[in-house]
Amino acid sequence: LTVKDADEVVCLITADTDYKPNYDPDFNDPKAYVGVDPAKTTADWLAKAAAKDYAYLLNEHYADYSELFNRVRLNINNATVETADLPVNRRLEAYRQGKPDYYLEQLYYQFGRYLLISSSRADNMPANLQGLWHNNVDGPWRIDYHNNINLQMNYWLACPTGLPECELPLFNFMRTLVKPGRVTAKSYFGTRGWTTSVSGNIFGFTSPLSSEDMSWNFSPFAGPWLATHLWNYYDFTRDRHFLADNYDMLKESADFAADYLWHRADGVYTAAPSTSPEHGPVDEGATFAHAVIREVLLDAIEASRVLGKSAKERRQWEDALKHLAPYKIGRYGQLMEWSTDIDDPKDEHRHVNHLFGLHPGHTVSPVTTPELAKASRVVLEHRGDGATGWSMGWKLNQWARLHDGNHAYTLYGNLLKNGTLDNLWDTHAPFQIDGNFGGTAGVTEMLMQSHMGFVHLLPALPDAWKEGAVSGLRAKGNFTVSISWKNGKLVEATLLSGAGAPCEVRYGDSVLKFKTKRGARYTLKLNGDKLTVKNL
């Protein structure tokens, strides 16, 4: 393509696929996943775009994008765009040498939101291991959907950073797994319900990969982990219609988890066989499997109560929870990864599956289970502060959940220094987008948490972030939260109630409970060390 004597060139490009999601596929039909004719759709779109000038197209795009992006704003130590006088690669180079750069830290945070907005929109498939930024026909891990953390990690930031619409493609993908996942559940494990395995694709692949080594490949609870996102989305949005429309996916996942359990002679239920994905031996009750089972059963129980459904199944789920093998603390004071105390304190493996209950789950917390939280800290100390990019992103979230802001900040710094390429992409290596998403989610966890049933303000604020402000964060219960702080202490927070739910807020040792009205805004300040609230 040659252009001469022009000061501007506008290229219009359209793209489409003949793939269509199929929630009830006939696998004997070669066109089960065939939809539109992309030659026609792209021609139609091109004609419509060509009828508009460049300024119109740009404004149309900006209006669409900015409505999502501008929902959340973050400022750390008054680092504004005016201080951004260096390109990103040079900023990273200086940062790696130890020069503080708070603008870079907030830029990386917002970059994660940009990536999700740009790669996961309604009526499409979810972001995969490289989002939509892949330059070959094939690539690492077949550019698939890795269901043993990577796909889930892509969506940890969605609801808390004001992008719930961007998580809808995940649920579209999950629906395509249910029918084939039922076959996998019954054929491999003899259970009700559905599940999927480590590696999935858009054509309904749900079974374990063929491999001589099943220790990394055998992960029956990839499906239940995905299903926990259904309740999580509801809890943030309080969208009852969404919960009703998707309840069967959650219910069937809980049925699978309950049926999978082995009832030992001593009355304890364990997940046998199970693994700690990509790490260690096949076990008769891996901590990761039990943590996921706890989470999905608790979610299904709450969903059934909200909708007034599945009383019989709810009793089964409650029985399974009652008898499920408990968390164990090992000889090093660590939260045990397997059913026997075989953990190695020198092991620095990138996967920290047994801390699922700490994050992204909610069954381990410094507030409710301080001894288990202490044991989780031992695990993270053993694993160290390095790893691949996405692993540092996960550890960042886990340190934040332990309310250790300075250690969380260390992981954030390591992620930027050692897990980030010059264009801000996360590196495994190679480029793997979940580290970016995990980093953004982790910073959010440092500033606000709501997974334990209350809004926790600045639970893991590091000493380095002496002052700042964040606006537009979302908390469970459908609250929109803005926070400002100075000299490391809360100045003010505002909460907008989107559902009229009762609210509990914590800051330090202060706890405040109050009723809210839908659409009402509340301001919280400190009176001494006590939180006070005022209806605006």
# chains A, B, ... in the order shown; residues from 1 in each chain; ligands from 1
$ residues_around --residues "segment 361-368 of chain A" --least-positions-apart "3" --cutoff "7 Å" --atoms "only C-alpha atoms" --output "list in words"
Glu295, Phe356, Gly357, Leu358, Leu372, Ala373, Leu402, His451 and Met452 of chain A
$ write_last_selection --atoms "C-alpha atoms" --output "CSV table (one decimal), in the first residue's frame"
chain,number,residue,atom,x,y,z
A,295,GLU,CA,-17.0,-21.6,48.2
A,356,PHE,CA,-7.8,-20.1,47.6
A,357,GLY,CA,-9.9,-19.6,50.8
A,358,LEU,CA,-7.9,-16.4,51.5
A,372,LEU,CA,-5.6,-19.7,59.5
A,373,ALA,CA,-4.6,-16.3,58.2
A,402,LEU,CA,-3.8,-10.4,55.0
A,451,HIS,CA,-15.7,-10.0,50.4
A,452,MET,CA,-16.3,-10.6,54.1
$ select_by_dssp --residues "segment 26-207 of chain A" --states "helix (DSSP H, G or I)" --output "VMD selection string"
chain A and resid 38 to 50 54 to 69 81 to 83 88 to 96 102 to 119 140 to 143 150 to 153 164 to 189
$ select_by_dssp --residues "segment 142-238 of chain A" --states "strand (DSSP E)" --output "PyMOL selection string"
chain A and resi 145-146+199-200
$ write_last_selection --atoms "N, CA, C and O atoms" --output "mmCIF file, in the first residue's frame"
data_model
loop_
_atom_site.group_PDB
_atom_site.id
_atom_site.type_symbol
_atom_site.label_atom_id
_atom_site.label_comp_id
_atom_site.auth_asym_id
_atom_site.auth_seq_id
_atom_site.Cartn_x
_atom_site.Cartn_y
_atom_site.Cartn_z
ATOM 1 N N TYR A 145 -8.356 -21.164 26.889
ATOM 2 C CA TYR A 145 -8.898 -20.697 28.163
ATOM 3 C C TYR A 145 -8.394 -21.642 29.246
ATOM 4 O O TYR A 145 -8.827 -22.790 29.329
ATOM 5 N N HIS A 146 -7.461 -21.175 30.053
ATOM 6 C CA HIS A 146 -6.931 -21.966 31.159
ATOM 7 C C HIS A 146 -7.830 -21.732 32.373
ATOM 8 O O HIS A 146 -7.901 -20.624 32.899
ATOM 9 N N SER A 199 -7.859 -27.053 30.669
ATOM 10 C CA SER A 199 -7.825 -26.362 29.384
ATOM 11 C C SER A 199 -9.183 -26.451 28.699
ATOM 12 O O SER A 199 -9.750 -27.539 28.575
ATOM 13 N N GLY A 200 -9.715 -25.314 28.272
ATOM 14 C CA GLY A 200 -11.001 -25.297 27.590
ATOM 15 C C GLY A 200 -10.911 -24.515 26.294
ATOM 16 O O GLY A 200 -9.926 -23.826 26.023
#
$ residues_around --residues "segment 208-223 of chain A" --least-positions-apart "5" --cutoff "10 Å" --atoms "only C-alpha atoms" --output "JSON, numbers by chain"
{"A": [146, 147, 148, 149, 152, 174, 177, 178, 181, 184, 185, 188, 189, 193, 194, 195, 196, 197, 198, 199, 200, 228, 249, 250, 253, 254, 256, 257, 260, 271, 273, 274, 275, 276, 277, 278, 279, 280, 281, 282, 283, 288, 289, 290, 291, 292, 293, 296]}
$ closest_residue --among "A:Asn423, A:Val481, A:His241, A:Ala79" --to "Pro100 of chain A" --atoms "only C-alpha atoms"
A:Ala79
$ residues_around --residues "Lys515 of chain A" --least-positions-apart "3" --cutoff "7 Å" --atoms "only C-alpha atoms" --output "number ranges by chain"
A: 501-503
$ residues_around --residues "Met392 of chain A" --least-positions-apart "5" --cutoff "7 Å" --atoms "only C-alpha atoms" --output "ChimeraX atom specification"
/A:386-387,411,415
$ closest_residue --among "A:Ala300, A:Ala55, A:Leu473, A:Ala258" --to "Asn246 of chain A" --atoms "only C-alpha atoms"
A:Ala300
$ atom_distance --atom1 "atom CA of Lys48 of chain A" --atom2 "atom CA of Leu12 of chain A"
10.6 Å
